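Peer 1: Next comes the structure file data24.cif, holding mmCIF, C-alpha atoms and all ligand atoms.
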```cif
data_final
loop_
_atom_site.label_atom_id
_atom_site.label_comp_id
_atom_site.auth_asym_id
_atom_site.auth_seq_id
_atom_site.Cartn_x
_atom_site.Cartn_y
_atom_site.Cartn_z
CA MET F 1 0.00 0.00 0.00
CA TYR F 2 1.16 3.53 -0.81
CA LEU F 3 0.44 6.56 1.40
CA ILE F 4 1.34 9.93 -0.05
CA PHE F 5 1.61 13.18 1.89
CA ASP F 6 2.39 16.67 0.66
CA THR F 7 5.43 17.30 2.82
CA GLN F 8 8.19 15.50 4.66
CA GLU F 9 6.83 17.01 7.86
CA GLU F 10 3.46 15.32 7.35
CA VAL F 11 5.18 12.04 6.50
CA SER F 12 7.19 12.24 9.70
CA ARG F 13 4.18 13.09 11.84
CA TYR F 14 2.10 10.30 10.36
CA THR F 15 4.87 7.70 10.72
CA ALA F 16 5.58 8.71 14.32
CA GLN F 17 1.87 8.46 15.09
CA LEU F 18 1.78 5.00 13.53
CA VAL F 19 4.69 3.84 15.69
CA TYR F 20 3.05 5.39 18.76
CA GLU F 21 -0.18 3.50 18.08
CA ARG F 22 1.67 0.22 17.61
CA LEU F 23 3.38 0.83 20.99
CA GLN F 24 0.03 1.51 22.61
CA ASN F 25 -1.44 -1.68 21.20
CA LYS F 26 1.49 -3.93 22.11
CA PRO F 27 3.52 -2.79 25.13
CA ASP F 28 6.09 -5.58 24.53
CA ILE F 29 6.53 -4.74 20.86
CA THR F 30 9.76 -5.49 19.03
CA LEU F 31 10.68 -2.56 16.80
CA GLY F 32 13.10 -2.66 13.90
CA LEU F 33 14.74 0.75 13.58
CA ALA F 34 16.56 2.49 10.76
CA THR F 35 18.90 5.47 10.52
CA GLY F 36 19.52 8.17 7.90
CA SER F 37 18.16 11.66 7.47
CA THR F 38 14.62 10.47 6.66
CA MET F 39 14.32 8.91 10.10
CA GLU F 40 15.60 11.94 12.03
CA ARG F 41 12.31 13.85 11.85
CA ILE F 42 10.29 10.75 12.55
CA TYR F 43 12.22 10.17 15.77
CA ALA F 44 11.87 13.86 16.69
CA GLU F 45 8.08 13.59 16.25
CA LEU F 46 7.99 10.32 18.20
CA VAL F 47 9.93 11.86 21.07
CA THR F 48 7.46 14.78 21.12
CA LEU F 49 4.49 12.40 21.15
CA LEU F 50 6.00 10.34 23.95
CA GLN F 51 6.64 13.49 25.97
CA GLN F 52 3.09 14.78 25.42
CA LYS F 53 1.44 11.42 26.06
CA PRO F 54 3.93 9.31 28.05
CA MET F 55 3.65 5.55 28.16
CA ASP F 56 5.55 2.73 29.79
CA LEU F 57 8.32 1.60 27.44
CA ALA F 58 9.88 -0.92 29.82
CA GLN F 59 8.94 -3.94 27.72
CA ILE F 60 9.91 -2.63 24.30
CA THR F 61 12.77 -4.21 22.41
CA THR F 62 14.57 -2.55 19.50
CA PHE F 63 16.84 -3.90 16.80
CA ASN F 64 18.71 -1.59 14.47
CA LEU F 65 19.41 -2.57 10.92
CA ASP F 66 23.07 -1.80 10.55
CA GLU F 67 26.30 -0.20 11.73
CA TYR F 68 29.54 1.01 10.14
CA VAL F 69 32.56 -1.20 10.60
CA GLY F 70 35.24 0.53 12.65
CA LEU F 71 33.10 3.27 14.21
CA GLY F 72 32.70 3.02 17.98
CA ARG F 73 29.73 4.06 20.07
CA SER F 74 31.14 7.51 20.74
CA HIS F 75 31.84 8.31 17.08
CA PRO F 76 29.26 10.94 16.03
CA GLN F 77 28.64 9.16 12.73
CA SER F 78 28.16 5.70 14.20
CA TYR F 79 24.59 4.51 14.11
CA TYR F 80 24.82 3.75 17.82
CA TYR F 81 25.54 7.43 18.49
CA TYR F 82 22.81 8.47 16.02
CA MET F 83 20.16 6.37 17.78
CA PHE F 84 20.96 7.76 21.22
CA HIS F 85 21.25 11.29 19.88
CA HIS F 86 17.87 11.17 18.07
CA LEU F 87 15.81 8.80 20.19
CA PHE F 88 17.16 6.71 23.04
CA ASN F 89 18.45 9.64 25.13
CA TYR F 90 14.89 11.02 25.31
CA VAL F 91 12.78 7.92 25.94
CA ASP F 92 12.83 5.31 28.66
CA ILE F 93 13.63 2.13 26.78
CA PRO F 94 15.79 -0.07 29.04
CA ALA F 95 19.38 -0.17 27.75
CA GLU F 96 19.40 -3.98 27.77
CA ASN F 97 16.47 -3.99 25.32
CA ILE F 98 18.33 -1.88 22.73
CA HIS F 99 20.26 -3.82 20.09
CA LEU F 100 22.64 -2.72 17.37
CA PRO F 101 25.39 -4.65 15.64
CA ASN F 102 28.80 -3.73 17.04
CA GLY F 103 30.98 -2.25 14.31
CA LYS F 104 34.04 -2.45 16.56
CA ALA F 105 33.67 -6.15 17.39
CA PRO F 106 37.06 -7.90 17.20
CA ASP F 107 35.54 -10.81 15.27
CA LEU F 108 33.02 -9.43 12.78
CA GLU F 109 31.82 -12.81 11.57
CA ALA F 110 31.06 -13.86 15.16
CA GLU F 111 29.28 -10.55 15.68
CA CYS F 112 27.08 -11.18 12.62
CA LYS F 113 26.22 -14.63 13.94
CA ARG F 114 25.39 -13.23 17.38
CA TYR F 115 23.14 -10.57 15.88
CA ASN F 116 21.34 -12.98 13.58
CA GLU F 117 20.63 -15.30 16.50
CA LEU F 118 19.23 -12.44 18.59
CA CYS F 119 16.99 -11.34 15.73
CA ARG F 120 15.82 -14.90 15.16
CA GLN F 121 14.87 -15.31 18.81
CA GLN F 122 12.72 -12.21 18.76
CA PRO F 123 11.16 -11.43 15.38
CA THR F 124 10.26 -7.83 14.70
CA ASP F 125 6.66 -6.66 14.89
CA LEU F 126 7.17 -3.39 13.03
CA GLN F 127 10.21 -2.67 10.87
CA LEU F 128 10.93 0.93 9.83
CA LEU F 129 12.94 1.21 6.64
CA GLY F 130 14.48 3.87 4.45
CA VAL F 131 15.99 3.34 1.02
CA GLY F 132 19.29 4.42 -0.50
CA THR F 133 19.39 6.15 -3.89
CA ASN F 134 20.72 2.88 -5.34
CA GLY F 135 17.80 0.92 -3.87
CA HIS F 136 19.60 -0.55 -0.88
CA ILE F 137 17.67 -1.36 2.28
CA ALA F 138 19.70 -1.37 5.48
CA PHE F 139 23.10 -1.82 3.77
CA ASN F 140 22.01 -4.62 1.46
CA GLU F 141 23.53 -3.32 -1.73
CA PRO F 142 22.33 -4.25 -5.26
CA GLY F 143 23.18 -7.87 -6.04
CA THR F 144 22.93 -9.11 -2.43
CA SER F 145 21.19 -12.47 -2.19
CA PHE F 146 17.64 -12.44 -0.88
CA GLU F 147 18.76 -15.40 1.26
CA SER F 148 21.27 -13.24 3.15
CA ILE F 149 21.35 -12.94 6.91
CA THR F 150 23.41 -10.44 8.96
CA HIS F 151 26.73 -10.00 7.19
CA VAL F 152 29.69 -7.73 6.56
CA VAL F 153 29.19 -5.67 3.42
CA ALA F 154 31.58 -3.69 1.23
CA LEU F 155 29.71 -0.43 0.63
CA THR F 156 29.23 0.60 -3.00
CA LYS F 157 30.74 3.77 -4.42
CA GLN F 158 27.24 5.31 -4.65
CA THR F 159 26.49 4.63 -0.97
CA ARG F 160 29.87 6.00 0.07
CA ILE F 161 29.24 9.17 -1.97
CA ASP F 162 25.69 9.56 -0.57
CA ASN F 163 26.60 8.96 3.05
CA SER F 164 29.91 10.84 3.13
CA ARG F 165 27.80 14.02 3.42
CA PHE F 166 27.38 13.22 7.10
CA PHE F 167 31.14 13.15 7.73
CA SER F 168 32.99 16.43 8.27
CA ASP F 169 36.00 14.72 6.69
CA PRO F 170 34.54 12.57 3.85
CA SER F 171 37.68 10.41 3.81
CA GLU F 172 36.52 9.06 7.22
CA MET F 173 33.51 7.43 5.53
CA PRO F 174 33.89 3.69 6.20
CA HIS F 175 34.26 1.17 3.39
CA GLU F 176 32.36 -1.58 5.20
CA ALA F 177 29.32 -2.08 7.39
CA LEU F 178 27.49 -4.78 9.29
CA THR F 179 23.94 -5.16 8.08
CA MET F 180 20.92 -7.31 8.74
CA GLY F 181 20.26 -9.43 5.68
CA PHE F 182 16.99 -9.72 3.80
CA GLN F 183 16.03 -12.73 5.87
CA GLU F 184 15.84 -10.85 9.16
CA ILE F 185 14.20 -7.82 7.55
CA MET F 186 11.54 -9.83 5.75
CA ASN F 187 10.80 -11.78 8.92
CA ALA F 188 9.11 -8.67 10.36
CA LYS F 189 5.35 -8.92 10.68
CA GLU F 190 4.87 -5.44 9.26
CA ILE F 191 7.23 -3.23 7.26
CA THR F 192 6.95 0.53 6.78
CA LEU F 193 9.22 2.05 4.16
CA VAL F 194 9.54 5.83 4.32
CA VAL F 195 10.81 7.78 1.32
CA THR F 196 11.04 11.56 1.02
CA GLY F 197 12.67 14.10 -1.27
CA LYS F 198 13.12 14.69 -4.97
CA HIS F 199 16.44 12.84 -4.99
CA LYS F 200 14.52 9.62 -4.25
CA ALA F 201 11.94 10.05 -7.06
CA GLU F 202 13.87 7.87 -9.52
CA ILE F 203 14.38 4.99 -7.12
CA VAL F 204 10.68 5.17 -6.20
CA GLU F 205 9.78 4.99 -9.88
CA ALA F 206 12.14 2.02 -10.32
CA PHE F 207 10.55 0.31 -7.31
CA HIS F 208 7.04 0.87 -8.63
CA TYR F 209 7.68 -0.68 -12.03
CA SER F 210 10.25 -3.30 -11.02
CA THR F 211 9.80 -7.02 -10.68
CA VAL F 212 11.24 -8.57 -7.53
CA THR F 213 14.95 -8.69 -8.28
CA GLU F 214 18.19 -8.74 -6.32
CA THR F 215 19.54 -5.96 -8.54
CA LEU F 216 16.99 -3.63 -6.86
CA PRO F 217 17.12 -4.62 -3.16
CA VAL F 218 14.04 -2.63 -2.12
CA SER F 219 11.93 -4.62 -4.60
CA VAL F 220 12.02 -7.52 -2.11
CA LEU F 221 9.26 -5.75 -0.19
CA LYS F 222 6.80 -6.73 -2.90
CA LYS F 223 7.07 -10.28 -1.56
CA HIS F 224 6.04 -9.16 1.95
CA PRO F 225 2.39 -9.70 2.95
CA HIS F 226 2.15 -6.51 5.04
CA TYR F 227 4.22 -3.60 3.79
CA THR F 228 3.38 0.08 3.38
CA VAL F 229 5.34 2.77 1.59
CA ILE F 230 4.93 6.30 2.90
CA PHE F 231 6.09 9.04 0.51
CA ASP F 232 6.06 12.78 0.26
CA ARG F 233 4.94 14.36 -3.03
CA GLU F 234 8.51 14.94 -4.17
CA ALA F 235 9.55 11.32 -3.78
CA ALA F 236 6.33 10.21 -5.48
CA SER F 237 6.62 12.73 -8.31
CA LEU F 238 7.47 10.15 -11.01
CA LEU F 239 4.72 7.72 -10.05
CA PRO F 240 1.65 7.41 -12.28
CA VAL F 241 -1.35 9.42 -11.05
CA GLU F 242 -3.44 6.33 -10.29
CA ALA F 243 -0.78 5.14 -7.83
CA THR F 244 -0.71 8.36 -5.83
CA SER F 245 -4.28 9.00 -4.80
CA PRO F 246 -6.17 9.35 -2.62
CA THR F 247 -4.07 11.08 0.02
CA PRO F 248 -4.98 9.91 3.53
CA CYS F 249 -5.86 12.21 6.39
CA ILE F 250 -3.59 12.51 9.38
CA ALA F 251 -5.18 11.21 12.56
C1 LIG M 301 21.76 4.54 5.07
C2 LIG M 301 21.13 3.43 5.90
C3 LIG M 301 19.84 2.99 5.29
C4 LIG M 301 18.98 4.18 4.95
C5 LIG M 301 19.68 5.04 3.96
C6 LIG M 301 18.85 6.23 3.47
O1 LIG M 301 22.47 4.07 3.98
N1 LIG M 301 21.99 2.31 6.03
O2 LIG M 301 19.19 2.15 6.22
O3 LIG M 301 17.76 3.74 4.41
O4 LIG M 301 20.84 5.50 4.62
O5 LIG M 301 19.17 7.36 4.21
P1 LIG M 301 18.55 8.79 4.06
O6 LIG M 301 17.29 8.77 4.81
O7 LIG M 301 19.58 9.69 4.67
O8 LIG M 301 18.36 9.05 2.61
#
```
Take the structure I supplied and represent it as structure tokens, if you would.
Peer 2:
Amino acid sequence: MYLIFDTQEEVSRYTAQLVYERLQNKPDITLGLATGSTMERIYAELVTLLQQKPMDLAQITTFNLDEYVGLGRSHPQSYYYYMFHHLFNYVDIPAENIHLPNGKAPDLEAECKRYNELCRQQPTDLQLLGVGTNGHIAFNEPGTSFESITHVVALTKQTRIDNSRFFSDPSEMPHEALTMGFQEIMNAKEITLVVTGKHKAEIVEAFHYSTVTETLPVSVLKKHPHYTVIFDREAASLLPVEATSPTPCIA
């Protein structure tokens, strides 16, 4: 299902509200969380909602999708740092319930195995996803097998160019990451993909018309029984008219 909103702000508000409602309905929910600029405003809205209408988050578990190899928890561009900076510092989720792959683990293969086992033990109820301009989800780059589980990935040139914007010194941009594979992602009961901005319009168009193929990682979602894509008008600008209406109301 597609949901289209006029602005990124509306997308963020709607998505945060959706997460909030899922939390209300299932206090022991397992959330799959993503990073990137798209998610920043969603987390900001979610923090606001949780401050306005507090709820008990003691039973929530979270799993993040990925982490850069070589960046420690205190590195401002690590996804660990990102998650605390944008969400975990402001909400009361017990630290032991928060999970991210460790990009500084001495044995990366063992770390992937550990993370996969954790994910398997506790499948995700709601997975939030973004998409890279090359169609990657988490850091599953084009060509990754749909059978993949958590693994070490060599980031593509496109991803390194896109994501180096976050680094004050672009040469610090890592070459590798740990990422959940398609298996863990697709195991989620519900998946919400959020896509905003004109720079994503072409990948959205590719997704819309594509068959399910490993050359376009995000196309895997079409195999999922319960996925929603939430766009703003700019990201949806190359979609055919019949795919982009009607626009839903915000609750
Ligand atoms: C990174 C993350 C992805 C995310 C993507 C899009 O590459 N690994 O999980 O979907 O960024 O990020 P943005 O929202 O900044 O476009």
Peer 1: Take CA of Gly32 in chain F and CA of Leu129 in chain F and report the distance between them in Å, one decimal.
Peer 2: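 Going from CA of Gly32 in chain F over to CA of Leu129 in chain F covers 8.2 Å.
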Peer 1: As a PDB file with C-alpha atoms, in the frame of the given file, please: every protein or nucleic acid residue near ligand LIG 301 (chain M) (cut-off 7 Å, counting all atoms listed in the file).
Peer 2:
```
ATOM      1  CA  ALA F  34      16.560   2.490  10.760  1.00  0.00           C
ATOM      2  CA  THR F  35      18.900   5.470  10.520  1.00  0.00           C
ATOM      3  CA  GLY F  36      19.520   8.170   7.900  1.00  0.00           C
ATOM      4  CA  SER F  37      18.160  11.660   7.470  1.00  0.00           C
ATOM      5  CA  THR F  38      14.620  10.470   6.660  1.00  0.00           C
ATOM      6  CA  MET F  39      14.320   8.910  10.100  1.00  0.00           C
ATOM      7  CA  LEU F  65      19.410  -2.570  10.920  1.00  0.00           C
ATOM      8  CA  ASP F  66      23.070  -1.800  10.550  1.00  0.00           C
ATOM      9  CA  LEU F 129      12.940   1.210   6.640  1.00  0.00           C
ATOM     10  CA  GLY F 130      14.480   3.870   4.450  1.00  0.00           C
ATOM     11  CA  VAL F 131      15.990   3.340   1.020  1.00  0.00           C
ATOM     12  CA  GLY F 132      19.290   4.420  -0.500  1.00  0.00           C
ATOM     13  CA  ILE F 137      17.670  -1.360   2.280  1.00  0.00           C
ATOM     14  CA  ALA F 138      19.700  -1.370   5.480  1.00  0.00           C
ATOM     15  CA  PHE F 139      23.100  -1.820   3.770  1.00  0.00           C
ATOM     16  CA  THR F 159      26.490   4.630  -0.970  1.00  0.00           C
ATOM     17  CA  ASN F 163      26.600   8.960   3.050  1.00  0.00           C
TER      18      ASN F 163
END
```
Peer 1: Just give me the gap between CA of Val153 in chain F and CA of Arg73 in chain F in Å, one decimal is fine.
Peer 2: 19.3 Å
Peer 1: Would you mind reading off the distance between CA of Val47 in chain F and CA of Arg13 in chain F, one decimal, in Å?
Peer 2: 10.9 Å
Peer 1: Looking at only C-alpha atoms, which of F:Ser148, F:Asn102, F:Asn97, F:Thr196 is the one that sits closest to Tyr81 in chain F?
Peer 2: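 Under the stated criterion, the closest residue is F:Asn102.
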Peer 1: With all atoms listed in the file as the basis for distance, which of F:Thr62, F:Asn187, F:Thr211, F:Thr144 is at the shortest distance from Leu23 in chain F?
Peer 2: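 Among F:Thr62, F:Asn187, F:Thr211, F:Thr144, it is F:Thr62 that comes nearest to Leu23 in chain F.
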Peer 1: Nearest to Gln122 in chain F among F:Val218, F:Ile60, F:Val19, F:Leu193, with distances taken over only C-alpha atoms: which residue is it?
Peer 2: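 Comparing F:Val218, F:Ile60, F:Val19, F:Leu193 against Gln122 in chain F, the winner is F:Ile60.
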Peer 1: Could you name the residues that touch Glu202 in chain F at 10 Å or less, counting all atoms listed in the file, but leaving out those on the same chain fewer than 2 positions away, as number ranges by chain?
Peer 2: F: 133-135, 198-200, 204-208, 235-239
Peer 1: Within 9 Å of range 8-11 of chain F, which residues of range 135-223 of chain F come that close, and what is the closest atom pair and distance in Å for each? Count all atoms listed in the file and give it as a Markdown table.
Peer 2:
```
| residue | atom | partner | partner_atom | distance |
| --- | --- | --- | --- | --- |
| F:Val194 | CA | F:Val11 | CA | 7.9 |
| F:Val195 | CA | F:Val11 | CA | 8.8 |
| F:Thr196 | CA | F:Gln8 | CA | 6.1 |
| F:Gly197 | CA | F:Gln8 | CA | 7.6 |
```
Peer 1: Using only C-alpha atoms for the distances, tell me which of F:Leu46, F:Leu155, F:Leu126, F:Leu87 is nearest to Lys26 in chain F.
Peer 2: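 Comparing F:Leu46, F:Leu155, F:Leu126, F:Leu87 against Lys26 in chain F, the winner is F:Leu126.
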Peer 1: Which residue, F:Pro101, F:His86, F:Gln127, F:Pro76, has the smallest gap to Ser168 in chain F when you use all atoms listed in the file?
Peer 2: F:Pro76
Peer 1: Output as a PDB file, in the coordinates of the input: range 20-46 of chain F, completed with N, CA, C and O atoms.
Peer 2:
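Final output, saved to out_23.pdb:
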```
ATOM      1  N   TYR F  20       3.641   5.166  17.434  1.00  0.00           N
ATOM      2  CA  TYR F  20       3.050   5.390  18.760  1.00  0.00           C
ATOM      3  C   TYR F  20       1.846   4.465  18.974  1.00  0.00           C
ATOM      4  O   TYR F  20       1.707   3.849  20.035  1.00  0.00           O
ATOM      5  N   GLU F  21       1.006   4.362  17.944  1.00  0.00           N
ATOM      6  CA  GLU F  21      -0.180   3.500  18.080  1.00  0.00           C
ATOM      7  C   GLU F  21       0.200   2.033  18.228  1.00  0.00           C
ATOM      8  O   GLU F  21      -0.405   1.295  19.007  1.00  0.00           O
ATOM      9  N   ARG F  22       1.226   1.621  17.481  1.00  0.00           N
ATOM     10  CA  ARG F  22       1.670   0.220  17.610  1.00  0.00           C
ATOM     11  C   ARG F  22       2.199  -0.031  19.044  1.00  0.00           C
ATOM     12  O   ARG F  22       1.983  -1.093  19.606  1.00  0.00           O
ATOM     13  N   LEU F  23       2.876   0.959  19.609  1.00  0.00           N
ATOM     14  CA  LEU F  23       3.380   0.830  20.990  1.00  0.00           C
ATOM     15  C   LEU F  23       2.217   0.732  21.971  1.00  0.00           C
ATOM     16  O   LEU F  23       2.241  -0.055  22.915  1.00  0.00           O
ATOM     17  N   GLN F  24       1.213   1.542  21.724  1.00  0.00           N
ATOM     18  CA  GLN F  24       0.030   1.510  22.610  1.00  0.00           C
ATOM     19  C   GLN F  24      -0.641   0.145  22.576  1.00  0.00           C
ATOM     20  O   GLN F  24      -1.063  -0.379  23.603  1.00  0.00           O
ATOM     21  N   ASN F  25      -0.718  -0.413  21.372  1.00  0.00           N
ATOM     22  CA  ASN F  25      -1.440  -1.680  21.200  1.00  0.00           C
ATOM     23  C   ASN F  25      -0.665  -2.883  21.682  1.00  0.00           C
ATOM     24  O   ASN F  25      -1.232  -3.930  21.959  1.00  0.00           O
ATOM     25  N   LYS F  26       0.674  -2.768  21.717  1.00  0.00           N
ATOM     26  CA  LYS F  26       1.490  -3.930  22.110  1.00  0.00           C
ATOM     27  C   LYS F  26       2.660  -3.443  22.966  1.00  0.00           C
ATOM     28  O   LYS F  26       3.742  -3.136  22.439  1.00  0.00           O
ATOM     29  N   PRO F  27       2.480  -3.366  24.263  1.00  0.00           N
ATOM     30  CA  PRO F  27       3.520  -2.790  25.130  1.00  0.00           C
ATOM     31  C   PRO F  27       4.854  -3.559  25.066  1.00  0.00           C
ATOM     32  O   PRO F  27       5.900  -2.992  25.372  1.00  0.00           O
ATOM     33  N   ASP F  28       4.825  -4.832  24.636  1.00  0.00           N
ATOM     34  CA  ASP F  28       6.090  -5.580  24.530  1.00  0.00           C
ATOM     35  C   ASP F  28       6.505  -5.728  23.066  1.00  0.00           C
ATOM     36  O   ASP F  28       7.104  -6.726  22.662  1.00  0.00           O
ATOM     37  N   ILE F  29       6.234  -4.706  22.295  1.00  0.00           N
ATOM     38  CA  ILE F  29       6.530  -4.740  20.860  1.00  0.00           C
ATOM     39  C   ILE F  29       8.042  -4.845  20.604  1.00  0.00           C
ATOM     40  O   ILE F  29       8.859  -4.346  21.391  1.00  0.00           O
ATOM     41  N   THR F  30       8.383  -5.510  19.503  1.00  0.00           N
ATOM     42  CA  THR F  30       9.760  -5.490  19.030  1.00  0.00           C
ATOM     43  C   THR F  30       9.802  -4.611  17.783  1.00  0.00           C
ATOM     44  O   THR F  30       9.124  -4.882  16.797  1.00  0.00           O
ATOM     45  N   LEU F  31      10.591  -3.540  17.900  1.00  0.00           N
ATOM     46  CA  LEU F  31      10.680  -2.560  16.800  1.00  0.00           C
ATOM     47  C   LEU F  31      11.981  -2.727  16.046  1.00  0.00           C
ATOM     48  O   LEU F  31      13.048  -2.840  16.653  1.00  0.00           O
ATOM     49  N   GLY F  32      11.893  -2.696  14.732  1.00  0.00           N
ATOM     50  CA  GLY F  32      13.100  -2.660  13.900  1.00  0.00           C
ATOM     51  C   GLY F  32      13.327  -1.217  13.497  1.00  0.00           C
ATOM     52  O   GLY F  32      12.427  -0.576  12.944  1.00  0.00           O
ATOM     53  N   LEU F  33      14.506  -0.686  13.793  1.00  0.00           N
ATOM     54  CA  LEU F  33      14.740   0.750  13.580  1.00  0.00           C
ATOM     55  C   LEU F  33      15.815   0.996  12.524  1.00  0.00           C
ATOM     56  O   LEU F  33      16.763   0.225  12.382  1.00  0.00           O
ATOM     57  N   ALA F  34      15.633   2.118  11.835  1.00  0.00           N
ATOM     58  CA  ALA F  34      16.560   2.490  10.760  1.00  0.00           C
ATOM     59  C   ALA F  34      17.206   3.831  11.096  1.00  0.00           C
ATOM     60  O   ALA F  34      16.772   4.525  12.022  1.00  0.00           O
ATOM     61  N   THR F  35      18.217   4.184  10.329  1.00  0.00           N
ATOM     62  CA  THR F  35      18.900   5.470  10.520  1.00  0.00           C
ATOM     63  C   THR F  35      18.799   6.262   9.209  1.00  0.00           C
ATOM     64  O   THR F  35      18.038   5.900   8.329  1.00  0.00           O
ATOM     65  N   GLY F  36      19.563   7.336   9.109  1.00  0.00           N
ATOM     66  CA  GLY F  36      19.520   8.170   7.900  1.00  0.00           C
ATOM     67  C   GLY F  36      18.713   9.426   8.162  1.00  0.00           C
ATOM     68  O   GLY F  36      18.006   9.532   9.161  1.00  0.00           O
ATOM     69  N   SER F  37      18.805  10.370   7.237  1.00  0.00           N
ATOM     70  CA  SER F  37      18.160  11.660   7.470  1.00  0.00           C
ATOM     71  C   SER F  37      16.641  11.549   7.465  1.00  0.00           C
ATOM     72  O   SER F  37      15.956  12.294   8.173  1.00  0.00           O
ATOM     73  N   THR F  38      16.076  10.623   6.697  1.00  0.00           N
ATOM     74  CA  THR F  38      14.620  10.470   6.660  1.00  0.00           C
ATOM     75  C   THR F  38      14.070  10.160   8.051  1.00  0.00           C
ATOM     76  O   THR F  38      12.992  10.621   8.427  1.00  0.00           O
ATOM     77  N   MET F  39      14.810   9.352   8.791  1.00  0.00           N
ATOM     78  CA  MET F  39      14.320   8.910  10.100  1.00  0.00           C
ATOM     79  C   MET F  39      14.438   9.983  11.181  1.00  0.00           C
ATOM     80  O   MET F  39      13.734   9.945  12.185  1.00  0.00           O
ATOM     81  N   GLU F  40      15.341  10.959  10.963  1.00  0.00           N
ATOM     82  CA  GLU F  40      15.600  11.940  12.030  1.00  0.00           C
ATOM     83  C   GLU F  40      14.322  12.643  12.484  1.00  0.00           C
ATOM     84  O   GLU F  40      14.047  12.766  13.668  1.00  0.00           O
ATOM     85  N   ARG F  41      13.524  13.095  11.488  1.00  0.00           N
ATOM     86  CA  ARG F  41      12.310  13.850  11.850  1.00  0.00           C
ATOM     87  C   ARG F  41      11.244  12.939  12.425  1.00  0.00           C
ATOM     88  O   ARG F  41      10.427  13.365  13.235  1.00  0.00           O
ATOM     89  N   ILE F  42      11.258  11.700  11.997  1.00  0.00           N
ATOM     90  CA  ILE F  42      10.290  10.750  12.550  1.00  0.00           C
ATOM     91  C   ILE F  42      10.588  10.542  14.041  1.00  0.00           C
ATOM     92  O   ILE F  42       9.693  10.572  14.893  1.00  0.00           O
ATOM     93  N   TYR F  43      11.867  10.360  14.363  1.00  0.00           N
ATOM     94  CA  TYR F  43      12.220  10.170  15.770  1.00  0.00           C
ATOM     95  C   TYR F  43      11.924  11.442  16.573  1.00  0.00           C
ATOM     96  O   TYR F  43      11.467  11.364  17.711  1.00  0.00           O
ATOM     97  N   ALA F  44      12.161  12.600  15.975  1.00  0.00           N
ATOM     98  CA  ALA F  44      11.870  13.860  16.690  1.00  0.00           C
ATOM     99  C   ALA F  44      10.373  13.931  17.006  1.00  0.00           C
ATOM    100  O   ALA F  44       9.970  14.285  18.127  1.00  0.00           O
ATOM    101  N   GLU F  45       9.539  13.580  16.029  1.00  0.00           N
ATOM    102  CA  GLU F  45       8.080  13.590  16.250  1.00  0.00           C
ATOM    103  C   GLU F  45       7.676  12.555  17.291  1.00  0.00           C
ATOM    104  O   GLU F  45       6.793  12.792  18.119  1.00  0.00           O
ATOM    105  N   LEU F  46       8.318  11.392  17.244  1.00  0.00           N
ATOM    106  CA  LEU F  46       7.990  10.320  18.200  1.00  0.00           C
ATOM    107  C   LEU F  46       8.362  10.743  19.622  1.00  0.00           C
ATOM    108  O   LEU F  46       7.601  10.521  20.573  1.00  0.00           O
TER     109      LEU F  46
END
```
